[in-house]
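To keep things clear, I will list the structure first and then write my remarks on it.
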Amino acid sequence: MGSVQIVTTILAAGITAVAVWLAVRAVMKMTAVIRLGQPAPERFADKGARTRKMLVETAGHTRMLKWGVVGAAHWFVMVGFIVLSLLVLEAYFEVVTPTGGLPIIGHWTVFGLATEIITVLGLVGILVLMAIRLRNRPNRPGGRSRFTGSTMWQGYFVEWVVLLVLVFGLVIRGFKVATDHFEYPVWATPVSHAVGAILPDWSDGASVAALIKIVISMTWLIVISLNVTMGVAWHRFLAFPNIFFKRDPEKPAGSGLGPLRPMTSQGKPLDFEEADPEKDQFGVSQVEQFTWKGLLDFSTCTECGRCQSQCPAWNTGKPLSPKLLVLSLRDHAYAKAPYLLAGGGKDLTGEEKATQAQLAHLDVLSLAEGDKPLIGTAEEGGVIDPDVLWSCTTCGACVEQCPVDIEHVDHIVDMRRYQVLIESSFPSEAGVMLRNLENKGNPWGAPQNTREDWTKGLDFEVPRVGEVDDFEYLFWVGCAGAFEDRAKKTTRAVATLLNEAGVSFAILGEGETCSGDPARRIGNEFVFQMLAQQNVETLNEAFEGREKTKRKIVATCPHCFNTLGNEYGQLGGEFEVVHHTQLLAHLVSTGKLTPVQPVDGGVTYHDPCYLGRHNRVFAAPREVLGDSIQGELTEMPRNSERSFCCGAGGARMWMEEKIGKRINVDRVEEAMATGAKTVAVGCPFCSTMLNDGVNGKGAGEQVEVIDVASVLLRSVKPEQPRGESTPVAG
Ligand code: SF4
Ligand code: SF4
């Protein structure tokens, strides 16, 4: 070993020892913080499915590749990071001797070829990512950026480290070529040979370049170890467990989540019959009341801003950004952790758990963080502003886009649950809706005995469950479908089409109450459970004696469709629920309904979040519309998985929209820009919001917003009076 190699070896060993020590400390700290969360035993079920999903999502980059170039570039950088870690390891042999290499594989041409290819593609990938980050930097002139609010130096730092590590890998090889100590042939390593051709014949060059590569790599490790909230770097490790522990590994990537999780305390679903707010956790009021998976979510965020770029609240000037929400929770959790780990924290009655002595050694910042309210305005020192919390429509666009499977909607609803159930703190205008649900069983407060009024004037009988036993489908009308004027026209259109197709169906009539969706999304789990239990009982009775595949329900409202199909199982109600567009598509494709007259003037389709993103029903409504117009739909730029919310979900339908641009107006402008005369919808709330948007723009005469069923009815029965399928303006 020459004198240069003695120095390079000592320096490499020294910096590596420091970096590894700091990294071990950082991992222990992160583990301790994540373990502060509440139990989530269900995350350990289905290990096989979880492993498969983790491998498919990471190796296939299923979410990232939807972003085209950036996804491909990131894939090469990820593969480069994993495979080229071997070359960092090899550098430790090269600081000892300039001709050194990895044992066994280090002299294998296949290894030389593979690492050469990955190095070159990794270089291309990181340059593309750097260009994208620069092009989208928040301070660029004009335009909004998905990186607004991200810690930009961290992103630049990580990208420069990757670039330099790759470059020095080639420089090491170049010195070996220049000194004639490179074992791989030119055909397998042409770039290394080209670099070697311009480097001097310096015998110690490979050792010095290897030291520089190690110093860069270990500097990265030291920096990230000193910054445990640096998700842009830590996600390289945390993304794997975060995807592994996602809540439903069998569902397609994204999926906007669909059902909400039941309320839990100590990892067990809360039973409202016995629950006691002084002993059981009601939602989340302290950051440590999230589950450990929640805290892992916050730690894993890469600050990429994909969620932010798709969020309807953020895009219309509301204070909510799902990214900034996650970052606020992450920073708060890590800043509060020393206080919690010292034994601090409030019990469920709000009393401090720690003794003075336990907290005596803590610095004032940790203690102050422990005192911050989780929900509160800036003046109150709150972590999350109430306007942030209540701006969410639970549309799921954030969850759909997040490449590391962060479950924003669950966290938002958990915080809402505490605010509603314990603090009674929520936008006051929603109080009327909640009172109506409790007292009248529907959000409008309409008399229950008017639930069947929509049937009046139909030229056929609509049977009730109990009057007929052999119905195939139970037609779940929903509150909007029973009480709201526009939605009633959809209900009549669906009933008419089912009757026309000879489908046997029956309704519950006055036996139906609200599915509970708005109560659950606003956070009032108590009212949801009350309504849902009643409905489950009614439905179980209606289907008594039938196996699950024969307990078929058709619903026109995607919120009912989601709640009945995905959430009633949590309360013992197992049903086969379809959306009316799915059933209609089936009836058309099997020839039971025949569109005869093409609907003209151009049709565009707005995907309801709870039908599309949350439940992946994208094709059926498009098939029905395609058959009705006998031509191509005019798609809006934001469609299918990337559809833009109408603004009504998450119980926002019953809250005033006081901040920023109205979401429905933004969506209507997009729809109108297509030039289509008809905007088809598949949800009564979307219908209300988009109709309001169109009328607000004074375009009610030029553009019509109607349900897919009404479009089909016009094509199947053109002689039908227009009033049957045309909404009342205003
Ligand atoms: S669910 Fe929708 S509105 Fe809520 S944070 Fe996510 S993207 Fe924004
Ligand atoms: S998409 Fe996911 S990883 Fe990216 S900023 Fe949003 S929460 Fe973080």
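We name chains A, B, ... following the order of the structure tokens; residues begin at 1 in each chain, and ligands are numbered from 1 as shown.
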Who sits within 6 Å of region 490-500 of chain A, only C-alpha atoms, same chain under 6 positions skipped, as a VMD selection string: chain A and resid 481 709 to 710
For all heavy atoms, I'd like the residues from the last selection saved as a PDB file, in the first residue's frame.
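Final file, again_29.pdb:
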```pdb
ATOM      1  N   GLY A 481     -81.792  11.760  -4.796  1.00  0.00           N
ATOM      2  CA  GLY A 481     -82.669  11.171  -5.811  1.00  0.00           C
ATOM      3  C   GLY A 481     -84.135  11.230  -5.436  1.00  0.00           C
ATOM      4  O   GLY A 481     -85.020  11.178  -6.292  1.00  0.00           O
ATOM      5  N   ALA A 709     -77.841   8.871 -17.333  1.00  0.00           N
ATOM      6  CA  ALA A 709     -79.090   8.132 -17.563  1.00  0.00           C
ATOM      7  C   ALA A 709     -80.055   8.943 -18.415  1.00  0.00           C
ATOM      8  O   ALA A 709     -80.751   8.391 -19.281  1.00  0.00           O
ATOM      9  CB  ALA A 709     -79.741   7.780 -16.221  1.00  0.00           C
ATOM     10  N   SER A 710     -80.102  10.240 -18.178  1.00  0.00           N
ATOM     11  CA  SER A 710     -81.017  11.084 -18.949  1.00  0.00           C
ATOM     12  C   SER A 710     -80.567  11.178 -20.405  1.00  0.00           C
ATOM     13  O   SER A 710     -81.399  11.236 -21.315  1.00  0.00           O
ATOM     14  CB  SER A 710     -81.089  12.479 -18.324  1.00  0.00           C
ATOM     15  OG  SER A 710     -81.606  12.393 -17.023  1.00  0.00           O
TER      16      SER A 710
END
```
Polymer residues at most 8 Å from Val284 (chain A), only C-alpha atoms, same-chain spacing of 6 or more positions, as a VMD selection string: chain A and resid 290 414 to 418
Using only N, CA, C and O atoms, please write the residues we just selected to a file, as a PDB file, in the first residue's frame.
```
ATOM      1  N   PHE A 290     -52.330   9.784  15.919  1.00  0.00           N
ATOM      2  CA  PHE A 290     -52.351   9.076  14.639  1.00  0.00           C
ATOM      3  C   PHE A 290     -51.744   7.700  14.870  1.00  0.00           C
ATOM      4  O   PHE A 290     -50.982   7.496  15.821  1.00  0.00           O
ATOM      5  N   ASP A 414     -59.711  11.865  10.325  1.00  0.00           N
ATOM      6  CA  ASP A 414     -59.460  11.587  11.746  1.00  0.00           C
ATOM      7  C   ASP A 414     -59.401  12.885  12.556  1.00  0.00           C
ATOM      8  O   ASP A 414     -59.910  12.948  13.680  1.00  0.00           O
ATOM      9  N   MET A 415     -58.788  13.914  11.975  1.00  0.00           N
ATOM     10  CA  MET A 415     -58.736  15.196  12.701  1.00  0.00           C
ATOM     11  C   MET A 415     -60.124  15.832  12.754  1.00  0.00           C
ATOM     12  O   MET A 415     -60.519  16.426  13.751  1.00  0.00           O
ATOM     13  N   ARG A 416     -60.905  15.692  11.672  1.00  0.00           N
ATOM     14  CA  ARG A 416     -62.276  16.225  11.681  1.00  0.00           C
ATOM     15  C   ARG A 416     -63.111  15.531  12.749  1.00  0.00           C
ATOM     16  O   ARG A 416     -63.955  16.142  13.398  1.00  0.00           O
ATOM     17  N   ARG A 417     -62.911  14.218  12.905  1.00  0.00           N
ATOM     18  CA  ARG A 417     -63.722  13.466  13.865  1.00  0.00           C
ATOM     19  C   ARG A 417     -63.607  14.053  15.268  1.00  0.00           C
ATOM     20  O   ARG A 417     -64.599  14.221  15.974  1.00  0.00           O
ATOM     21  N   TYR A 418     -62.386  14.364  15.685  1.00  0.00           N
ATOM     22  CA  TYR A 418     -62.227  14.940  17.025  1.00  0.00           C
ATOM     23  C   TYR A 418     -62.909  16.301  17.103  1.00  0.00           C
ATOM     24  O   TYR A 418     -63.627  16.609  18.066  1.00  0.00           O
TER      25      TYR A 418
END
```
Protein and nucleic acid residues within 9 Å of ligand 1 (only C-alpha atoms and all ligand atoms) as a PyMOL selection string: chain A and resi 256+307-315+320-323+325+388-389+391-401+408-409+412+644-645+647+649-650
Would you output that residue set with N, CA, C and O atoms, as a short mmCIF file (atom, residue, chain, number, x, y, z; two decimals), in the first residue's frame?
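The file below, again.cif, is the result:
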```
data_model
loop_
_atom_site.label_atom_id
_atom_site.label_comp_id
_atom_site.auth_asym_id
_atom_site.auth_seq_id
_atom_site.Cartn_x
_atom_site.Cartn_y
_atom_site.Cartn_z
N GLY A 256 -57.69 6.40 -4.71
CA GLY A 256 -58.30 7.46 -3.91
C GLY A 256 -58.83 7.01 -2.56
O GLY A 256 -59.48 7.77 -1.87
N CYS A 307 -49.36 15.63 -5.19
CA CYS A 307 -50.67 15.76 -4.56
C CYS A 307 -51.16 17.20 -4.65
O CYS A 307 -52.30 17.47 -4.99
N GLN A 308 -50.25 18.10 -4.34
CA GLN A 308 -50.60 19.53 -4.35
C GLN A 308 -51.05 19.98 -5.74
O GLN A 308 -52.00 20.74 -5.88
N SER A 309 -50.37 19.46 -6.75
CA SER A 309 -50.67 19.91 -8.12
C SER A 309 -52.07 19.48 -8.56
O SER A 309 -52.64 20.06 -9.47
N GLN A 310 -52.62 18.42 -7.92
CA GLN A 310 -53.93 17.91 -8.33
C GLN A 310 -55.06 18.35 -7.41
O GLN A 310 -56.22 18.09 -7.70
N CYS A 311 -54.71 18.93 -6.27
CA CYS A 311 -55.73 19.20 -5.25
C CYS A 311 -56.66 20.34 -5.69
O CYS A 311 -56.21 21.45 -5.99
N PRO A 312 -57.98 20.09 -5.71
CA PRO A 312 -58.90 21.15 -6.12
C PRO A 312 -58.90 22.34 -5.17
O PRO A 312 -59.11 23.47 -5.59
N ALA A 313 -58.66 22.07 -3.89
CA ALA A 313 -58.64 23.18 -2.93
C ALA A 313 -57.44 24.09 -3.22
O ALA A 313 -57.57 25.30 -3.37
N TRP A 314 -56.27 23.49 -3.35
CA TRP A 314 -55.06 24.27 -3.61
C TRP A 314 -55.15 25.00 -4.95
O TRP A 314 -54.77 26.17 -5.08
N ASN A 315 -55.72 24.32 -5.94
CA ASN A 315 -55.78 24.91 -7.28
C ASN A 315 -56.81 26.03 -7.41
O ASN A 315 -56.87 26.68 -8.45
N LEU A 320 -55.52 24.92 1.80
CA LEU A 320 -55.16 23.50 1.90
C LEU A 320 -54.27 23.04 0.76
O LEU A 320 -54.60 23.21 -0.41
N SER A 321 -53.13 22.49 1.12
CA SER A 321 -52.33 21.69 0.18
C SER A 321 -52.05 20.39 0.90
O SER A 321 -51.57 20.41 2.04
N PRO A 322 -52.37 19.24 0.28
CA PRO A 322 -52.12 17.98 1.00
C PRO A 322 -50.64 17.80 1.35
O PRO A 322 -50.32 17.23 2.39
N LYS A 323 -49.78 18.33 0.49
CA LYS A 323 -48.34 18.22 0.80
C LYS A 323 -47.99 19.03 2.04
O LYS A 323 -47.36 18.52 2.97
N LEU A 325 -49.90 20.04 4.37
CA LEU A 325 -50.53 19.45 5.55
C LEU A 325 -49.66 18.32 6.11
O LEU A 325 -49.38 18.26 7.31
N VAL A 388 -57.76 25.02 6.65
CA VAL A 388 -57.09 23.94 5.91
C VAL A 388 -57.91 22.66 6.05
O VAL A 388 -58.25 21.99 5.08
N LEU A 389 -58.27 22.37 7.30
CA LEU A 389 -58.98 21.12 7.59
C LEU A 389 -60.32 21.04 6.86
O LEU A 389 -60.69 20.00 6.31
N SER A 391 -61.30 22.66 4.17
CA SER A 391 -61.29 22.90 2.71
C SER A 391 -61.31 21.60 1.91
O SER A 391 -61.51 21.62 0.70
N CYS A 392 -61.06 20.48 2.58
CA CYS A 392 -60.89 19.22 1.83
C CYS A 392 -62.23 18.66 1.36
O CYS A 392 -63.19 18.57 2.14
N THR A 393 -62.27 18.26 0.11
CA THR A 393 -63.49 17.64 -0.44
C THR A 393 -63.40 16.11 -0.40
O THR A 393 -64.27 15.44 -0.94
N THR A 394 -62.33 15.59 0.18
CA THR A 394 -62.05 14.14 0.22
C THR A 394 -62.08 13.52 -1.17
O THR A 394 -62.44 12.36 -1.33
N CYS A 395 -61.69 14.30 -2.17
CA CYS A 395 -61.79 13.83 -3.56
C CYS A 395 -60.81 12.70 -3.87
O CYS A 395 -60.98 11.97 -4.84
N GLY A 396 -59.75 12.59 -3.06
CA GLY A 396 -58.80 11.49 -3.25
C GLY A 396 -57.75 11.73 -4.32
O GLY A 396 -56.95 10.84 -4.60
N ALA A 397 -57.71 12.92 -4.91
CA ALA A 397 -56.71 13.17 -5.96
C ALA A 397 -55.30 13.08 -5.38
O ALA A 397 -54.37 12.63 -6.06
N CYS A 398 -55.14 13.47 -4.13
CA CYS A 398 -53.82 13.43 -3.50
C CYS A 398 -53.36 11.98 -3.32
O CYS A 398 -52.23 11.62 -3.67
N VAL A 399 -54.26 11.15 -2.80
CA VAL A 399 -53.91 9.75 -2.57
C VAL A 399 -53.62 9.06 -3.90
O VAL A 399 -52.69 8.26 -4.02
N GLU A 400 -54.43 9.38 -4.89
CA GLU A 400 -54.27 8.80 -6.22
C GLU A 400 -52.87 9.07 -6.77
O GLU A 400 -52.25 8.21 -7.39
N GLN A 401 -52.36 10.26 -6.54
CA GLN A 401 -51.11 10.66 -7.17
C GLN A 401 -49.88 10.32 -6.34
O GLN A 401 -48.78 10.26 -6.89
N HIS A 408 -53.68 10.66 2.82
CA HIS A 408 -54.08 11.99 3.34
C HIS A 408 -55.52 12.03 3.85
O HIS A 408 -55.80 12.64 4.88
N VAL A 409 -56.43 11.41 3.10
CA VAL A 409 -57.85 11.56 3.43
C VAL A 409 -58.14 10.99 4.82
O VAL A 409 -58.87 11.60 5.62
N ILE A 412 -57.01 13.48 7.43
CA ILE A 412 -57.88 14.66 7.49
C ILE A 412 -59.18 14.31 8.22
O ILE A 412 -59.62 15.02 9.12
N PHE A 644 -61.14 16.44 -12.03
CA PHE A 644 -61.14 17.53 -11.07
C PHE A 644 -62.48 17.53 -10.34
O PHE A 644 -63.54 17.48 -10.98
N CYS A 645 -62.41 17.60 -9.02
CA CYS A 645 -63.62 17.54 -8.19
C CYS A 645 -64.61 18.66 -8.55
O CYS A 645 -64.23 19.71 -9.04
N GLY A 647 -66.42 19.94 -6.15
CA GLY A 647 -66.41 20.79 -4.94
C GLY A 647 -67.39 20.35 -3.87
O GLY A 647 -67.44 20.97 -2.81
N GLY A 649 -67.83 17.05 -2.48
CA GLY A 649 -67.51 15.89 -1.63
C GLY A 649 -67.03 16.31 -0.24
O GLY A 649 -66.79 17.49 0.02
N GLY A 650 -66.88 15.30 0.63
CA GLY A 650 -66.39 15.57 1.97
C GLY A 650 -67.33 16.47 2.75
O GLY A 650 -66.90 17.22 3.62
#
```
All residues 7 Å or closer to Pro558 (chain A), only C-alpha atoms, same chain fewer than 3 positions away omitted, as an NGL selection string: :A and (561-562 or 579 or 610-611 or 683)
Would you export the selected residues with C-alpha atoms as a PDB file, in the first residue's frame, please?
```
ATOM      1  CA  PHE A 561     -72.677   3.504  -3.970  1.00  0.00           C
ATOM      2  CA  ASN A 562     -69.373   3.850  -2.106  1.00  0.00           C
ATOM      3  CA  HIS A 579     -73.750   2.256  -9.969  1.00  0.00           C
ATOM      4  CA  TYR A 610     -66.501   8.705  -5.573  1.00  0.00           C
ATOM      5  CA  LEU A 611     -67.357   6.813  -8.737  1.00  0.00           C
ATOM      6  CA  CYS A 683     -73.744  12.042  -9.425  1.00  0.00           C
TER       7      CYS A 683
END
```
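Interatomic distance, CA of Gly101 (chain A) against CA of Leu121 (chain A): 22.2 Å.
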All residues having an atom within 6 Å of ligand 2 (only C-alpha atoms and all ligand atoms) as a list of chain:residue names: A:Cys301, A:Thr302, A:Glu303, A:Cys304, A:Gly305, A:Arg306, A:Cys307, A:Lys323, A:Gln401, A:Cys402, A:Pro403, A:Val404, A:Ile406
Selection above as a file: N, CA, C and O atoms, as a short mmCIF file (atom, residue, chain, number, x, y, z; two decimals), in the first residue's frame:
```cif
data_model
loop_
_atom_site.label_atom_id
_atom_site.label_comp_id
_atom_site.auth_asym_id
_atom_site.auth_seq_id
_atom_site.Cartn_x
_atom_site.Cartn_y
_atom_site.Cartn_z
N CYS A 301 -42.90 11.37 3.17
CA CYS A 301 -43.22 12.34 2.10
C CYS A 301 -41.94 12.87 1.44
O CYS A 301 -41.03 13.35 2.11
N THR A 302 -41.91 12.78 0.12
CA THR A 302 -40.72 13.21 -0.64
C THR A 302 -40.77 14.69 -0.99
O THR A 302 -39.85 15.19 -1.62
N GLU A 303 -41.86 15.34 -0.65
CA GLU A 303 -42.08 16.76 -0.98
C GLU A 303 -42.16 16.98 -2.49
O GLU A 303 -41.86 18.06 -2.98
N CYS A 304 -42.58 15.95 -3.23
CA CYS A 304 -42.62 16.06 -4.69
C CYS A 304 -43.74 16.97 -5.16
O CYS A 304 -43.69 17.51 -6.27
N GLY A 305 -44.80 17.13 -4.35
CA GLY A 305 -45.88 18.06 -4.70
C GLY A 305 -46.85 17.55 -5.74
O GLY A 305 -47.68 18.32 -6.23
N ARG A 306 -46.80 16.26 -6.07
CA ARG A 306 -47.79 15.75 -7.04
C ARG A 306 -49.21 15.91 -6.48
O ARG A 306 -50.14 16.25 -7.19
N CYS A 307 -49.36 15.63 -5.19
CA CYS A 307 -50.67 15.76 -4.56
C CYS A 307 -51.16 17.20 -4.65
O CYS A 307 -52.30 17.47 -4.99
N LYS A 323 -49.78 18.33 0.49
CA LYS A 323 -48.34 18.22 0.80
C LYS A 323 -47.99 19.03 2.04
O LYS A 323 -47.36 18.52 2.97
N GLN A 401 -52.36 10.26 -6.54
CA GLN A 401 -51.11 10.66 -7.17
C GLN A 401 -49.88 10.32 -6.34
O GLN A 401 -48.78 10.26 -6.89
N CYS A 402 -50.05 10.16 -5.03
CA CYS A 402 -48.86 10.05 -4.18
C CYS A 402 -48.03 8.80 -4.53
O CYS A 402 -48.53 7.68 -4.44
N PRO A 403 -46.77 8.99 -4.90
CA PRO A 403 -45.98 7.83 -5.32
C PRO A 403 -45.58 6.91 -4.18
O PRO A 403 -45.11 5.80 -4.41
N VAL A 404 -45.74 7.39 -2.93
CA VAL A 404 -45.33 6.54 -1.80
C VAL A 404 -46.54 6.16 -0.92
O VAL A 404 -46.38 5.77 0.22
N ILE A 406 -49.17 7.71 0.55
CA ILE A 406 -49.58 8.42 1.76
C ILE A 406 -51.10 8.55 1.74
O ILE A 406 -51.69 8.77 0.68
#
```
Length of the CA of Leu55 (chain A) to CA of Val120 (chain A) vector [Å]: 24.2 Å
Exercise: Trp21 (chain A) partners within 12 Å, only C-alpha atoms, chain neighbours under 5 positions left out, as a PyMOL selection string: chain A and resi 14-16+26-28+218+221-222+225-226
Include N, CA and C atoms and write out the residues we just selected as a PDB file, in the first residue's frame.
```pdb
ATOM      1  N   GLY A  14     -12.520   6.962   8.280  1.00  0.00           N
ATOM      2  CA  GLY A  14     -12.931   7.958   9.274  1.00  0.00           C
ATOM      3  C   GLY A  14     -14.304   8.530   8.966  1.00  0.00           C
ATOM      4  N   ILE A  15     -14.466   9.009   7.742  1.00  0.00           N
ATOM      5  CA  ILE A  15     -15.756   9.647   7.423  1.00  0.00           C
ATOM      6  C   ILE A  15     -16.885   8.612   7.419  1.00  0.00           C
ATOM      7  N   THR A  16     -16.544   7.371   7.039  1.00  0.00           N
ATOM      8  CA  THR A  16     -17.581   6.327   7.027  1.00  0.00           C
ATOM      9  C   THR A  16     -18.030   6.003   8.458  1.00  0.00           C
ATOM     10  N   ALA A  26     -29.829   8.259  13.728  1.00  0.00           N
ATOM     11  CA  ALA A  26     -31.006   8.824  13.041  1.00  0.00           C
ATOM     12  C   ALA A  26     -32.107   7.779  12.889  1.00  0.00           C
ATOM     13  N   VAL A  27     -31.705   6.552  12.511  1.00  0.00           N
ATOM     14  CA  VAL A  27     -32.711   5.495  12.324  1.00  0.00           C
ATOM     15  C   VAL A  27     -33.399   5.198  13.662  1.00  0.00           C
ATOM     16  N   MET A  28     -32.604   5.181  14.736  1.00  0.00           N
ATOM     17  CA  MET A  28     -33.200   4.921  16.058  1.00  0.00           C
ATOM     18  C   MET A  28     -34.185   6.032  16.428  1.00  0.00           C
ATOM     19  N   MET A 218     -20.737   9.719   1.822  1.00  0.00           N
ATOM     20  CA  MET A 218     -20.861   9.792   3.282  1.00  0.00           C
ATOM     21  C   MET A 218     -21.325  11.176   3.739  1.00  0.00           C
ATOM     22  N   LEU A 221     -24.873  10.923   3.625  1.00  0.00           N
ATOM     23  CA  LEU A 221     -25.412  10.165   4.754  1.00  0.00           C
ATOM     24  C   LEU A 221     -25.398  11.012   6.035  1.00  0.00           C
ATOM     25  N   ILE A 222     -24.335  11.798   6.195  1.00  0.00           N
ATOM     26  CA  ILE A 222     -24.249  12.645   7.396  1.00  0.00           C
ATOM     27  C   ILE A 222     -25.349  13.706   7.367  1.00  0.00           C
ATOM     28  N   SER A 225     -28.683  12.235   8.002  1.00  0.00           N
ATOM     29  CA  SER A 225     -28.796  11.752   9.388  1.00  0.00           C
ATOM     30  C   SER A 225     -29.009  12.907  10.347  1.00  0.00           C
ATOM     31  N   LEU A 226     -28.468  14.059   9.997  1.00  0.00           N
ATOM     32  CA  LEU A 226     -28.675  15.228  10.850  1.00  0.00           C
ATOM     33  C   LEU A 226     -30.018  15.900  10.561  1.00  0.00           C
TER      34      LEU A 226
END
```
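Candidate residues A:Ser428, A:Thr513, A:Ala72, A:Glu641 were compared for distance to Gly612 (chain A), and the nearest is A:Glu641, using only C-alpha atoms.
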Shortest interatomic distance to Gly345 (chain A) - which of A:Leu36, A:Ile118, A:Cys609, A:Leu434, counting only C-alpha atoms: A:Leu36
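From CA of Glu623 (chain A) back to CA of Val679 (chain A), the distance works out to 15.2 Å.
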Sel. of strand (DSSP E) residues, region 428-478 of chain A, as a PyMOL selection string: chain A and resi 473-476
DSSP-assigned alpha helix (DSSP H) members of region 600-708 of chain A, reported as a ChimeraX atom specification: /A:619-629,663-673,684-696,708
Trp153 (chain A) environment, 12 Å, only C-alpha atoms, sequence neighbours closer than 6 positions dropped, as an MDAnalysis selection string: chainID A and resid 133:134 137 147 159:160 223 230 232:233 303
